[in-house]
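Participant: Next up, my_file-v1.txt (compact mmCIF, C-alpha atoms).
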# COMPACT_ATOMS: atom_id res chain seq x y z
CA MET D 1388 -32.86 -35.98 26.00
CA SER D 1389 -36.37 -36.89 27.05
CA SER D 1390 -38.28 -39.48 25.06
CA PRO D 1391 -40.70 -38.10 22.42
CA VAL D 1392 -44.42 -38.22 23.10
CA ARG D 1393 -45.83 -41.24 21.25
CA ILE D 1394 -49.09 -41.50 19.35
CA PRO D 1395 -50.91 -44.70 18.37
CA ALA D 1396 -50.78 -44.43 14.58
CA ILE D 1397 -49.96 -41.84 11.92
CA SER D 1398 -50.23 -41.38 8.17
CA VAL D 1399 -47.62 -39.06 6.69
CA PHE D 1400 -48.37 -37.87 3.17
CA LEU D 1401 -45.88 -36.09 0.95
CA PRO D 1402 -47.24 -34.00 -1.97
CA SER D 1403 -44.49 -34.31 -4.60
CA HIS D 1404 -44.09 -32.87 -8.07
CA ASN D 1405 -40.78 -33.35 -9.90
CA GLU D 1406 -38.96 -34.20 -6.66
CA GLU D 1407 -36.69 -36.98 -7.90
CA GLY D 1408 -33.77 -35.38 -6.05
CA ASN D 1409 -35.65 -35.26 -2.75
CA VAL D 1410 -38.16 -38.08 -2.51
CA GLU D 1411 -35.85 -40.91 -1.42
CA ARG D 1412 -34.07 -38.78 1.18
CA VAL D 1413 -37.37 -37.54 2.64
CA VAL D 1414 -39.01 -40.99 2.74
CA ARG D 1415 -35.97 -42.62 4.35
CA SER D 1416 -35.81 -39.85 6.94
CA TYR D 1417 -39.41 -40.58 7.91
CA LEU D 1418 -38.77 -44.32 7.99
CA ALA D 1419 -36.08 -43.59 10.58
CA GLU D 1420 -38.11 -41.06 12.58
CA LEU D 1421 -41.62 -42.48 12.76
CA PRO D 1422 -40.85 -45.53 14.95
CA ARG D 1423 -39.76 -43.02 17.61
CA VAL D 1424 -43.17 -41.36 17.80
CA ALA D 1425 -45.78 -43.88 16.63
CA ASP D 1426 -46.69 -47.52 17.20
CA ASP D 1427 -48.01 -47.83 13.64
CA PHE D 1428 -47.37 -45.67 10.60
CA GLU D 1429 -47.58 -45.29 6.84
CA ILE D 1430 -45.83 -42.92 4.44
CA ILE D 1431 -47.81 -41.90 1.35
CA VAL D 1432 -45.96 -40.32 -1.57
CA VAL D 1433 -48.40 -38.42 -3.76
CA ASP D 1434 -46.73 -38.15 -7.16
CA ASP D 1435 -48.62 -35.28 -8.76
CA GLY D 1436 -48.01 -35.99 -12.45
CA SER D 1437 -44.23 -35.61 -12.20
CA ARG D 1438 -42.30 -35.54 -15.47
CA ASP D 1439 -39.14 -36.90 -13.84
CA ARG D 1440 -38.37 -40.09 -11.86
CA THR D 1441 -40.29 -39.13 -8.70
CA GLY D 1442 -42.96 -41.81 -9.19
CA GLU D 1443 -40.45 -44.47 -10.21
CA ILE D 1444 -38.31 -43.87 -7.13
CA ALA D 1445 -41.38 -43.86 -4.88
CA GLU D 1446 -42.58 -47.17 -6.33
CA ARG D 1447 -39.18 -48.71 -5.65
CA LEU D 1448 -39.25 -47.53 -2.05
CA ALA D 1449 -42.77 -48.97 -1.64
CA ALA D 1450 -41.58 -52.32 -2.98
CA GLU D 1451 -38.75 -52.31 -0.43
CA ASP D 1452 -40.83 -51.33 2.62
CA SER D 1453 -44.53 -52.04 3.24
CA HIS D 1454 -44.86 -48.82 5.26
CA VAL D 1455 -44.50 -46.82 2.03
CA LYS D 1456 -47.43 -46.31 -0.33
CA VAL D 1457 -47.68 -44.38 -3.58
CA VAL D 1458 -50.57 -42.43 -5.09
CA ARG D 1459 -49.89 -41.35 -8.67
CA HIS D 1460 -51.71 -38.71 -10.70
CA PRO D 1461 -51.41 -39.38 -14.46
CA VAL D 1462 -51.39 -35.60 -15.02
CA ASN D 1463 -50.50 -32.74 -12.71
CA GLN D 1464 -53.49 -31.68 -10.60
CA GLY D 1465 -51.76 -28.95 -8.60
CA TYR D 1466 -50.72 -28.80 -4.97
CA GLY D 1467 -54.32 -28.81 -3.77
CA GLY D 1468 -55.11 -31.91 -5.77
CA ALA D 1469 -52.11 -33.66 -4.23
CA VAL D 1470 -53.19 -32.67 -0.70
CA ILE D 1471 -56.73 -33.91 -1.31
CA SER D 1472 -55.41 -37.25 -2.59
CA GLY D 1473 -53.11 -37.57 0.41
CA ILE D 1474 -55.94 -36.96 2.87
CA ARG D 1475 -58.16 -39.50 1.11
CA ALA D 1476 -55.39 -42.12 1.10
CA ALA D 1477 -54.57 -41.74 4.82
CA THR D 1478 -55.88 -44.53 7.05
CA LYS D 1479 -54.34 -43.87 10.48
CA GLN D 1480 -55.65 -42.00 13.53
CA TYR D 1481 -53.40 -38.98 12.96
CA VAL D 1482 -52.40 -37.44 9.63
CA LEU D 1483 -49.30 -35.37 8.92
CA LEU D 1484 -49.09 -33.17 5.85
CA CYS D 1485 -45.45 -32.60 4.94
CA ASP D 1486 -44.37 -31.05 1.64
CA GLY D 1487 -42.20 -33.46 -0.29
CA ASP D 1488 -39.50 -30.92 -1.15
CA GLY D 1489 -37.29 -31.72 1.84
CA GLN D 1490 -37.65 -28.30 3.48
CA PHE D 1491 -39.06 -29.73 6.73
CA ASP D 1492 -37.18 -31.86 9.23
CA PRO D 1493 -39.06 -35.09 10.08
CA ALA D 1494 -37.58 -34.87 13.58
CA ASP D 1495 -39.73 -31.77 14.17
CA LEU D 1496 -42.74 -34.08 14.37
CA GLU D 1497 -41.58 -34.59 17.96
CA ARG D 1498 -42.38 -30.90 18.57
CA LEU D 1499 -45.99 -31.47 17.45
CA THR D 1500 -46.98 -34.74 19.14
CA PRO D 1501 -47.00 -33.37 22.74
CA PHE D 1502 -50.09 -31.32 21.84
CA VAL D 1503 -52.32 -34.23 20.86
CA PRO D 1504 -54.94 -35.30 21.69
CA GLU D 1505 -55.74 -31.93 23.32
CA TYR D 1506 -55.69 -30.18 19.92
CA ASP D 1507 -57.34 -31.25 16.68
CA VAL D 1508 -54.67 -29.56 14.54
CA VAL D 1509 -51.06 -28.84 15.43
CA ALA D 1510 -49.75 -26.48 12.76
CA GLY D 1511 -46.11 -25.80 12.12
CA ARG D 1512 -44.92 -22.20 12.09
CA ARG D 1513 -41.68 -21.57 10.19
CA VAL D 1514 -39.33 -19.69 12.52
CA ARG D 1515 -36.93 -18.53 9.81
CA ARG D 1516 -38.38 -19.17 6.39
CA ALA D 1517 -35.63 -20.40 4.06
CA ASP D 1518 -37.05 -18.74 0.94
CA HIS D 1519 -36.06 -15.70 -1.07
CA LEU D 1520 -37.32 -12.28 0.00
CA ILE D 1521 -40.14 -11.92 -2.55
CA ARG D 1522 -41.60 -15.29 -1.57
CA ARG D 1523 -41.51 -14.32 2.13
CA ILE D 1524 -43.19 -10.98 1.42
CA ASN D 1525 -45.88 -12.69 -0.66
CA GLY D 1526 -46.47 -15.14 2.17
CA LYS D 1527 -46.94 -12.35 4.71
CA ALA D 1528 -49.32 -10.46 2.41
CA TRP D 1529 -51.37 -13.61 1.79
CA THR D 1530 -51.66 -14.32 5.51
CA ILE D 1531 -52.91 -10.76 6.16
CA LEU D 1532 -55.46 -11.05 3.35
CA VAL D 1533 -56.74 -14.38 4.67
CA ARG D 1534 -57.11 -12.90 8.16
CA VAL D 1535 -59.13 -9.97 6.81
CA LEU D 1536 -61.41 -12.02 4.56
CA LEU D 1537 -61.84 -15.22 6.56
CA GLY D 1538 -60.87 -14.32 10.10
CA ILE D 1539 -58.34 -17.17 10.36
CA THR D 1540 -55.80 -16.10 12.95
CA ILE D 1541 -52.91 -18.57 12.63
CA SER D 1542 -49.71 -16.78 11.67
CA ASP D 1543 -48.29 -19.13 9.01
CA ILE D 1544 -51.30 -20.35 7.06
CA ASP D 1545 -49.30 -21.95 4.23
CA CYS D 1546 -46.78 -23.88 6.30
CA GLY D 1547 -46.67 -27.35 4.73
CA PHE D 1548 -46.14 -29.17 8.02
CA LYS D 1549 -49.39 -29.83 9.88
CA LEU D 1550 -50.64 -32.64 12.10
CA PHE D 1551 -54.37 -33.47 12.12
CA LYS D 1552 -56.78 -35.80 13.84
CA ARG D 1553 -58.11 -37.79 10.89
CA GLU D 1554 -61.65 -37.75 12.27
CA LYS D 1555 -61.70 -33.97 11.73
CA LEU D 1556 -60.86 -34.44 8.04
CA GLU D 1557 -63.41 -37.14 7.26
CA GLY D 1558 -66.12 -36.17 4.79
CA MET D 1559 -64.62 -32.74 4.15
CA ASP D 1560 -65.47 -31.31 0.72
CA LEU D 1561 -62.21 -29.66 -0.34
CA ARG D 1562 -62.31 -27.90 -3.70
CA ALA D 1563 -59.11 -25.88 -4.13
CA HIS D 1564 -56.67 -27.51 -6.50
CA GLY D 1565 -53.96 -24.87 -6.23
CA ALA D 1566 -51.91 -23.22 -3.50
CA MET D 1567 -55.10 -22.06 -1.76
CA ILE D 1568 -55.71 -25.55 -0.34
CA SER D 1569 -54.03 -24.78 3.01
CA THR D 1570 -56.29 -21.78 3.54
CA GLU D 1571 -59.41 -23.73 2.56
CA LEU D 1572 -58.43 -26.63 4.80
CA MET D 1573 -57.96 -24.42 7.86
CA ALA D 1574 -61.14 -22.45 7.15
CA ARG D 1575 -63.25 -25.59 6.89
CA LEU D 1576 -61.64 -27.06 10.00
CA ALA D 1577 -62.47 -23.84 11.86
CA GLY D 1578 -66.06 -24.27 10.71
CA ARG D 1579 -66.02 -27.69 12.35
CA GLY D 1580 -64.84 -26.18 15.62
CA ALA D 1581 -61.33 -27.61 15.43
CA LYS D 1582 -58.96 -26.61 18.21
CA VAL D 1583 -55.66 -25.42 16.71
CA LYS D 1584 -52.18 -25.05 18.18
CA GLU D 1585 -49.20 -23.46 16.40
CA VAL D 1586 -45.69 -24.75 17.08
CA ASP D 1587 -42.37 -23.39 15.82
CA VAL D 1588 -40.55 -25.65 13.34
CA LYS D 1589 -37.43 -25.37 11.25
CA HIS D 1590 -37.56 -24.51 7.56
CA LEU D 1591 -34.64 -25.85 5.56
CA PRO D 1592 -33.21 -24.60 2.26
CA ARG D 1593 -34.34 -26.51 -0.80
CA LEU D 1594 -31.40 -28.65 -1.90
CA THR D 1595 -32.65 -29.53 -5.36
CA GLY D 1596 -35.66 -29.01 -7.61
CA GLU D 1597 -37.70 -25.89 -8.30
CA GLN D 1598 -40.49 -24.10 -6.47
CA SER D 1599 -43.68 -23.20 -8.32
CA GLY D 1600 -45.49 -21.12 -5.71
CA ALA D 1601 -44.47 -17.78 -7.23
CA ASN D 1602 -45.67 -18.74 -10.72
CA LEU D 1603 -48.18 -16.13 -11.92
CA LYS D 1604 -50.72 -18.78 -12.94
CA VAL D 1605 -50.45 -20.35 -9.48
CA VAL D 1606 -50.94 -16.97 -7.79
CA ALA D 1607 -53.91 -16.06 -9.99
CA ARG D 1608 -55.56 -19.40 -9.30
CA ALA D 1609 -55.08 -18.95 -5.55
CA PHE D 1610 -56.79 -15.55 -5.60
CA LYS D 1611 -59.68 -16.91 -7.68
CA GLU D 1612 -60.16 -19.84 -5.29
CA LEU D 1613 -59.87 -17.57 -2.25
CA MET D 1614 -62.68 -15.33 -3.47
CA ALA D 1615 -64.85 -18.35 -4.25
CA LEU D 1616 -64.30 -19.68 -0.72
CA TYR D 1617 -64.98 -16.26 0.80
CA ARG D 1618 -68.31 -15.99 -1.02
CA GLU D 1619 -69.29 -19.54 -0.06
CA LEU D 1620 -68.53 -19.04 3.63
CA ARG D 1621 -70.23 -15.62 3.61
CA ASP D 1622 -73.37 -17.12 2.11
CA GLU D 1623 -73.31 -19.95 4.66
CA ARG D 1624 -73.12 -17.42 7.51
CA ARG D 1625 -76.03 -15.48 6.09
CA ALA D 1626 -78.07 -18.66 5.69
CA ARG D 1627 -77.45 -19.50 9.34
CA GLY D 1628 -78.32 -15.97 10.34
CA GLN D 1629 -74.93 -15.50 12.01
CA GLY D 1630 -72.68 -12.51 11.57
CA GLY D 1631 -69.51 -13.97 13.13
CA ARG D 1632 -66.47 -15.07 11.18
CA PRO D 1633 -65.08 -18.60 11.02
CA GLY D 1634 -61.66 -19.38 12.37
CA ARG D 1635 -61.78 -17.81 15.79
Here is the file; what I need is its structure written in the form of structure tokens.
Facilitator:
Amino acid sequence: MSSPVRIPAISVFLPSHNEEGNVERVVRSYLAELPRVADDFEIIVVDDGSRDRTGEIAERLAAEDSHVKVVRHPVNQGYGGAVISGIRAATKQYVLLCDGDGQFDPADLERLTPFVPEYDVVAGRRVRRADHLIRRINGKAWTILVRVLLGITISDIDCGFKLFKREKLEGMDLRAHGAMISTELMARLAGRGAKVKEVDVKHLPRLTGEQSGANLKVVARAFKELMALYRELRDERRARGQGGRPGR
């Protein structure tokens, strides 16, 4: 096998809510993988108000290894809140968002690194999504809606495995605190002229814990935040006197 393409430094942040059965396995997998692809690295566990032992386990791992850091929310802020905290906590040149549920293989980072620094964002695209049928259908419908409203053309907008240049994230005013955060993030990056590459990655079955993405409150919040973002970007285009869409 050829050696993986190395990058100077990377922050990996893991949004985690009630992931006591996954957090140690995921963190240790990254501790094994990251020296293969980066000269310097940090792993940030964002404990989003978990009611189980997620934060406690993360704190123990941080005490054992200085590469591990923990950000804890006293109360649950939602997936978007966890992503925002992870971005703010990241200090390295490149930043990897990876959901903390163990459904992504840290080794797939080696599929993303060959495309930097040419691209500002290297976004994972789940080849075979390991979710139940309704969740897959909802994901497809959401992607189509986002394309129509915002003109964002990537095919797996909500894939929780994305590599960014940190300079492209600096000073970004992210507002979504629910599942809409991935869409907002990509829309605002498009507005900054970010160059995006999609790469196929594996999607693994969840071994333990529960998903919340299909919760009706989560879905309703995502639609509300999507419409707010649509109106904001529309008004910005009108103010600039431009009729084109972001995200091309």
Participant: I'd like the contact shell of Ala1615 (chain D) - 12 Å cut-off, only C-alpha atoms, skipping same-chain residues fewer than 5 positions apart - returned as a list in words.
Facilitator: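 Contacts, in chain order: Leu1536, Leu1537, Arg1562, Ala1563, Met1567, Glu1571, Arg1608, Ala1609, Phe1610, Leu1620, Arg1621 and Asp1622 of chain D.
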Participant: For Val1413 (chain D), find every residue with an atom within 12 Å (counting only C-alpha atoms), except residues of its own chain fewer than 2 positions away, and show them as a ChimeraX atom specification.
Facilitator: /D:1399-1403,1406-1411,1415-1420,1430-1432,1441,1444-1445,1448,1455,1485-1494,1593-1594
Participant: Which is closest to His1564 (chain D) among D:Val1458, D:Ile1539, D:Val1433, D:Val1605, if we use all atoms listed in the file?
Facilitator: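 Going through D:Val1458, D:Ile1539, D:Val1433, D:Val1605 one by one, the smallest distance to His1564 (chain D) is for D:Val1605.
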Participant: I need the residue nearest Arg1575 (chain D) from this list: D:Lys1555, D:Arg1498, D:Arg1618, D:Arg1522. Use all atoms listed in the file for the distance.
Facilitator: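 Of D:Lys1555, D:Arg1498, D:Arg1618, D:Arg1522, the one nearest Arg1575 (chain D) is D:Lys1555, counting all atoms listed in the file.
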Participant: Out of D:Arg1475, D:Lys1549, D:His1590, D:Lys1611, which residue has the shortest atom-to-atom distance to Val1508 (chain D) when counting all atoms listed in the file?
Facilitator: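 Distance minimum relative to Val1508 (chain D) lands on D:Lys1549.
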Participant: What does the distance from CA of Arg1412 (chain D) to CA of Asp1435 (chain D) come to in Å, to one decimal?
Facilitator: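 Atom-to-atom, CA of Arg1412 (chain D) and CA of Asp1435 (chain D) are spaced 18.0 Å apart.
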Participant: Which one is closest to Leu1561 (chain D): D:Val1533, D:Leu1616, D:Ala1449, D:Ala1477? Count only C-alpha atoms.
Facilitator: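 The shortest atom-to-atom distance to Leu1561 (chain D) comes from D:Leu1616.
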Participant: Just give me the gap between CA of Leu1572 (chain D) and CA of Ala1476 (chain D) in Å, one decimal is fine.
Facilitator: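 Computed distance, CA of Leu1572 (chain D) to CA of Ala1476 (chain D), equals 16.2 Å.
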Participant: Which polymer residues have any atom within 12 Å of an atom of Phe1502 (chain D), counting all atoms listed in the file, with same-chain residues fewer than 2 positions away left out, as a PyMOL selection string?
Facilitator: chain D and resi 1391-1394+1496-1500+1504-1511+1550-1552+1582-1586
Participant: Hey, which of D:Asn1405, D:Glu1429, D:Gly1580, D:Leu1532 ends up closest to Glu1443 (chain D)? Count all atoms listed in the file.
Facilitator: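 Of D:Asn1405, D:Glu1429, D:Gly1580, D:Leu1532, the one nearest Glu1443 (chain D) is D:Asn1405, counting all atoms listed in the file.
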Participant: Please report the interatomic distance between CA of Val1470 (chain D) and CA of Val1588 (chain D) in Å with one decimal.
Facilitator: 20.2 Å
Participant: Give, as JSON, the centre coordinates and the x, y and z edge lengths in Å to one decimal for an axis-aligned box around all listed atoms of region 1405-1416 of chain D, padded by 6 Å on each side.
Facilitator:
{"center_x": -37.3, "center_y": -38.0, "center_z": -1.5, "size_x": 19.0, "size_y": 21.3, "size_z": 28.8}
Participant: Choose the residue, out of D:Val1457, D:Arg1553, D:Ser1542, D:Gly1465, that has the smallest atom-to-atom separation from Ser1398 (chain D); count only C-alpha atoms.
Facilitator: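 Counting only C-alpha atoms, the residue closest to Ser1398 (chain D) is D:Arg1553.
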